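**Q** Let me give you the structure first, and then I'll get to my questions.
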Amino acid sequence: TRTQVAIVGGGPAGLMVSHLLHLAGIDSVVIDNRAVRTIETTHRAGILERDSVRLLVDSGLDRVLRDGHRHEGISLRFRGLSHRIDFENLAGASCWLYPQTDIFIDLHRARTADGADLRFGITDTEVVDILNAPRVRYTDATGHRHEIAADLVVGADGSRSICRSLIPGVTQYFRGYPYAWFGVLVQAPPSAPELIYSRSRDGFALISQRTESVQRMYFQCDPSENPDEWSDDRIWNELQTRLAGEDGFRLKEGPVIERTVLPFRSFVQTPMRHGRLVLAGDAAHTVPPTGAKGLNLALADVRLLADTIQQALTKNDLTVLEHYTARALDRVWKAQHFSYWMTTMLHRAEDSSEFDEQRQLGELTTLVASTAGSTYLAEGYTGWPGR
Ligand code: DHB
């Protein structure tokens, strides 16, 4: 096969590149080693920044406006009381609750309807000659080896990217955290109209939503925690304890229908491009989940990248690719700080002292009382404007 752009990775980042390139008249082939069904049922974050929603809607994917929920703020909860951060008043913007799985479904449907060449469930991916004549090779489900020749290769193959290791002389920035999230899907009505980010002595908890009858919740846990050792009762006890307060707040309980432990890390690799290979999304950078920046960052990369690729291919001049890393990293580091800040402000480190506890409460108290502080949160959460 010969195509203009070979895209390794068919998650939201890879499919969105393919979709935007198609709208610009550029053809692509997408490969992914997972099955469509696996991606559709792997639960990820659910919050879209204002400009992520714009990107979806402007490119013809407007189901988010019907099935998503616009949120004009969040609650920060500490010392057993909730404090609303009003995004509309502070930053003139909102975010949308719309699960990543739905974005994948929308993109997959649109690409399929447009006759895209999508190859899921493949194995043994290999990318060669990214300096001159890139080729992507893989094995299909029947054991046959295939080769795709392309002008450019996009590595949108996630946090365990094989593409990123093809870029020589990189700098990698890494930070680990001594905790993870225990994520659950529960069958219950919503406990609150907006998200609650709760800091307690027992650790962080996040109350999010999905539908009228299914909710998404997380609580800080040890990275080695085994989800199978947690009964529904034990999960609800942990969540209720971390949300409890003098206002008498209680979560509405129901059966736990899914449980997973999510890893936590901050990671950036630079540069994000070498020769005819460019990276997008988690392949180049990972953020801890607090604040839901991962997918939004990937979509911001993709918007920039689709534009860059269009210029490179229509002018037959690769020099525009030279600016991609710097332009993408500008936002990446803003989001890295934001995610780190939300995380460390709300989680409890195992070795935290009484000083750390009180300092953290001091920070949260200042933040909710300060228009400047709250505005920084509102701007970061709803997303910085593109450039
Ligand atoms: C969700 C996940 C997040 O990490 C977050 O900050 C907000 C919401 C979610 O899955 O709904």
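Identifiers for the structure tokens are assigned positionally: chains receive A, B, ... in sequence, residues are indexed from 1 per chain, and ligands are indexed from 1 in the order shown.
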Write down as a count of residues only the residues belonging to region 80-305 of chain A that are assigned strand (DSSP E or B) by DSSP computed on the backbone.
**A** 89
**Q** Please find the residues contacting ligand 1 at a distance of at most 9 Å between atoms, with only C-alpha atoms and all ligand atoms counted, and report them as a ChimeraX atom specification.
**A** /A:43-47,97-100,183,195-197,206-210,215-218,288-294,339,342,381
**Q** Output N, CA and C atoms of each residue in that selection to a file, as a compact mmCIF listing (two decimals), in the first residue's frame.
**A**
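The resulting file, again-v1.txt, is reproduced below:
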# COMPACT_ATOMS: atom_id res chain seq x y z
N HIS A 43 -12.23 2.48 29.56
CA HIS A 43 -12.70 3.75 30.09
C HIS A 43 -11.55 4.68 30.42
N ARG A 44 -11.64 5.87 29.90
CA ARG A 44 -10.63 6.90 30.16
C ARG A 44 -11.34 8.13 30.68
N ALA A 45 -10.64 9.26 30.61
CA ALA A 45 -11.19 10.48 31.20
C ALA A 45 -12.41 10.98 30.44
N GLY A 46 -13.05 11.97 30.99
CA GLY A 46 -14.31 12.40 30.39
C GLY A 46 -14.51 13.89 30.27
N ILE A 47 -13.45 14.67 30.43
CA ILE A 47 -13.63 16.13 30.40
C ILE A 47 -12.94 16.75 29.19
N LEU A 97 -18.47 17.44 29.78
CA LEU A 97 -18.31 16.05 30.19
C LEU A 97 -18.74 15.19 29.01
N TYR A 98 -17.78 14.48 28.43
CA TYR A 98 -18.06 13.63 27.27
C TYR A 98 -16.94 12.60 27.22
N PRO A 99 -17.25 11.34 27.52
CA PRO A 99 -16.20 10.34 27.70
C PRO A 99 -15.36 10.11 26.45
N GLN A 100 -14.09 9.83 26.69
CA GLN A 100 -13.15 9.55 25.61
C GLN A 100 -13.63 8.40 24.73
N GLY A 183 -10.14 3.57 40.04
CA GLY A 183 -11.25 4.11 39.25
C GLY A 183 -12.42 3.13 39.22
N LEU A 195 -18.51 18.08 38.82
CA LEU A 195 -17.45 17.26 39.39
C LEU A 195 -17.03 17.79 40.76
N ILE A 196 -16.68 16.85 41.64
CA ILE A 196 -16.15 17.23 42.95
C ILE A 196 -14.73 16.69 43.08
N TYR A 197 -13.78 17.58 43.28
CA TYR A 197 -12.40 17.21 43.57
C TYR A 197 -12.21 17.36 45.07
N LEU A 206 -12.35 11.81 43.56
CA LEU A 206 -12.98 12.59 42.49
C LEU A 206 -14.32 11.98 42.14
N ILE A 207 -15.34 12.81 42.17
CA ILE A 207 -16.68 12.34 41.81
C ILE A 207 -17.01 12.92 40.44
N SER A 208 -17.13 12.04 39.45
CA SER A 208 -17.50 12.48 38.11
C SER A 208 -18.77 11.74 37.71
N GLN A 209 -19.24 12.03 36.51
CA GLN A 209 -20.50 11.43 36.06
C GLN A 209 -20.32 10.79 34.68
N ARG A 210 -21.28 10.02 34.29
CA ARG A 210 -21.34 9.52 32.92
C ARG A 210 -22.75 9.73 32.36
N GLN A 215 -22.18 6.34 36.97
CA GLN A 215 -21.28 7.40 37.41
C GLN A 215 -19.83 6.90 37.43
N ARG A 216 -18.90 7.86 37.33
CA ARG A 216 -17.47 7.55 37.35
C ARG A 216 -16.86 8.20 38.59
N MET A 217 -16.14 7.42 39.36
CA MET A 217 -15.50 7.95 40.57
C MET A 217 -14.10 7.38 40.70
N TYR A 218 -13.26 8.12 41.39
CA TYR A 218 -11.87 7.70 41.60
C TYR A 218 -11.49 8.01 43.04
N PRO A 288 -0.37 13.11 34.79
CA PRO A 288 -1.23 12.42 35.75
C PRO A 288 -2.69 12.82 35.49
N PRO A 289 -3.65 11.99 35.86
CA PRO A 289 -5.03 12.20 35.40
C PRO A 289 -5.76 13.40 36.02
N THR A 290 -5.29 13.91 37.16
CA THR A 290 -5.99 15.01 37.83
C THR A 290 -6.12 16.23 36.93
N GLY A 291 -7.36 16.57 36.57
CA GLY A 291 -7.58 17.71 35.69
C GLY A 291 -7.87 17.29 34.25
N ALA A 292 -7.72 15.99 33.96
CA ALA A 292 -8.13 15.42 32.66
C ALA A 292 -7.49 16.09 31.46
N LYS A 293 -6.20 16.33 31.53
CA LYS A 293 -5.52 17.04 30.44
C LYS A 293 -5.04 16.13 29.30
N GLY A 294 -4.91 14.83 29.55
CA GLY A 294 -4.29 13.92 28.58
C GLY A 294 -4.90 13.98 27.19
N SER A 339 -1.37 19.85 35.65
CA SER A 339 -1.70 18.50 36.15
C SER A 339 -0.91 18.18 37.42
N MET A 342 -2.53 20.42 40.29
CA MET A 342 -3.80 19.87 40.76
C MET A 342 -3.55 18.60 41.58
N TYR A 381 -8.22 24.77 33.55
CA TYR A 381 -9.14 23.62 33.43
C TYR A 381 -9.93 23.67 32.12
**Q** Point out the residue among A:Met272, A:Ala312, A:Ala335, A:Val368 with the least atom-to-atom distance to Glu49 (chain A), counting only C-alpha atoms.
**A**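 Selected residue with least distance to Glu49 (chain A): A:Ala335.
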**Q** Leaving out region 15-32 of chain A and any residue of its chain fewer than 2 positions from it, which residues lie within 6 Å of it when counting only C-alpha atoms, given as an mmCIF file with N, CA and C atoms, in the first residue's frame?
**A**
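Result saved to selection04.cif:
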data_model
loop_
_atom_site.group_PDB
_atom_site.id
_atom_site.type_symbol
_atom_site.label_atom_id
_atom_site.label_comp_id
_atom_site.auth_asym_id
_atom_site.auth_seq_id
_atom_site.Cartn_x
_atom_site.Cartn_y
_atom_site.Cartn_z
ATOM 1 N N THR A 3 0.416 5.448 0.752
ATOM 2 C CA THR A 3 -0.489 6.486 1.234
ATOM 3 C C THR A 3 0.325 7.737 1.530
ATOM 4 N N GLN A 4 -0.351 8.857 1.752
ATOM 5 C CA GLN A 4 0.399 10.075 2.070
ATOM 6 C C GLN A 4 0.897 10.049 3.512
ATOM 7 N N VAL A 5 -0.001 9.642 4.419
ATOM 8 C CA VAL A 5 0.375 9.638 5.835
ATOM 9 C C VAL A 5 0.003 8.298 6.480
ATOM 10 N N ALA A 6 0.988 7.601 7.008
ATOM 11 C CA ALA A 6 0.736 6.374 7.767
ATOM 12 C C ALA A 6 0.639 6.754 9.235
ATOM 13 N N ILE A 7 -0.446 6.333 9.867
ATOM 14 C CA ILE A 7 -0.677 6.720 11.262
ATOM 15 C C ILE A 7 -0.621 5.476 12.138
ATOM 16 N N VAL A 8 0.344 5.445 13.053
ATOM 17 C CA VAL A 8 0.476 4.317 13.971
ATOM 18 C C VAL A 8 -0.290 4.673 15.239
ATOM 19 N N GLY A 9 -1.394 3.960 15.473
ATOM 20 C CA GLY A 9 -2.230 4.249 16.635
ATOM 21 C C GLY A 9 -3.595 4.758 16.211
ATOM 22 N N GLY A 10 -4.625 3.991 16.543
ATOM 23 C CA GLY A 10 -5.992 4.351 16.135
ATOM 24 C C GLY A 10 -6.869 4.752 17.303
ATOM 25 N N PRO A 12 -8.092 8.068 19.896
ATOM 26 C CA PRO A 12 -8.621 9.377 19.509
ATOM 27 C C PRO A 12 -7.596 10.250 18.773
ATOM 28 N N ALA A 13 -6.327 10.232 19.200
ATOM 29 C CA ALA A 13 -5.322 11.082 18.545
ATOM 30 C C ALA A 13 -5.111 10.648 17.088
ATOM 31 N N ARG A 34 -4.701 -2.936 18.787
ATOM 32 C CA ARG A 34 -5.877 -3.320 19.571
ATOM 33 C C ARG A 34 -7.081 -3.567 18.653
ATOM 34 N N ASP A 117 -9.163 3.842 5.425
ATOM 35 C CA ASP A 117 -8.424 2.587 5.509
ATOM 36 C C ASP A 117 -7.914 2.444 6.945
ATOM 37 N N LEU A 118 -8.667 1.701 7.762
ATOM 38 C CA LEU A 118 -8.319 1.512 9.177
ATOM 39 C C LEU A 118 -8.034 0.043 9.405
ATOM 40 N N ARG A 119 -6.906 -0.264 10.001
ATOM 41 C CA ARG A 119 -6.533 -1.659 10.204
ATOM 42 C C ARG A 119 -6.261 -1.910 11.684
ATOM 43 N N PHE A 120 -7.267 -2.451 12.356
ATOM 44 C CA PHE A 120 -7.150 -2.736 13.785
ATOM 45 C C PHE A 120 -6.742 -4.198 13.996
ATOM 46 N N VAL A 302 -2.815 17.323 17.736
ATOM 47 C CA VAL A 302 -3.367 16.858 16.477
ATOM 48 C C VAL A 302 -3.845 18.019 15.607
ATOM 49 N N ALA A 306 -2.116 18.435 12.065
ATOM 50 C CA ALA A 306 -2.860 18.317 10.808
ATOM 51 C C ALA A 306 -2.564 19.529 9.929
#
**Q** For each of A:Arg135, A:Arg303, A:Arg111, A:Arg348, take the minimum atom-to-atom distance to Gln220 (chain A), counting only C-alpha atoms, then give the residue where this is smallest.
**A** A:Arg348
**Q** Would you please work out which residue, of A:Val57, A:Leu364, A:Ile122, A:Ala91, is nearest to Ala35 (chain A) when using only C-alpha atoms?
**A**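 That would be A:Ile122, the residue with the smallest distance to Ala35 (chain A).
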**Q** Would you mind reading off the distance between CA of Ala188 (chain A) and CA of Cys221 (chain A), one decimal, in Å?
**A**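 CA of Cys221 (chain A) lies 22.3 Å from CA of Ala188 (chain A).
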**Q** Considering only C-alpha atoms, tabulate each residue of region 306-350 of chain A that lies at most 10 Å from region 149-165 of chain A along with its nearest interatomic pair and the corresponding distance in Å to one decimal; arrange the rows by chain and ascending residue number and present them as a Markdown table.
**A**
| residue | atom | partner | partner_atom | distance |
| --- | --- | --- | --- | --- |
| A:Ile309 | CA | A:Leu152 | CA | 8.3 |
| A:Ala312 | CA | A:Leu152 | CA | 9.6 |
| A:Leu313 | CA | A:Asp151 | CA | 8.2 |
| A:Asn316 | CA | A:Asp151 | CA | 9.9 |
| A:Leu318 | CA | A:Leu152 | CA | 9.7 |
**Q** Would you mind exporting the chosen residues as a compact mmCIF listing (two decimals), in the first residue's frame, restricted to N, CA and C atoms?
**A**
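What follows is the written file out36.txt:
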# COMPACT_ATOMS: atom_id res chain seq x y z
N ILE A 309 1.12 19.23 8.69
CA ILE A 309 1.25 18.22 7.64
C ILE A 309 0.67 18.73 6.33
N ALA A 312 3.15 21.03 4.83
CA ALA A 312 4.33 20.30 4.37
C ALA A 312 4.05 19.58 3.06
N LEU A 313 2.90 18.91 2.99
CA LEU A 313 2.61 18.09 1.80
C LEU A 313 2.16 18.93 0.61
N ASN A 316 5.15 20.62 -0.56
CA ASN A 316 6.24 19.65 -0.73
C ASN A 316 7.53 20.16 -0.09
N LEU A 318 9.37 20.10 3.78
CA LEU A 318 9.28 19.58 5.16
C LEU A 318 9.75 20.57 6.22
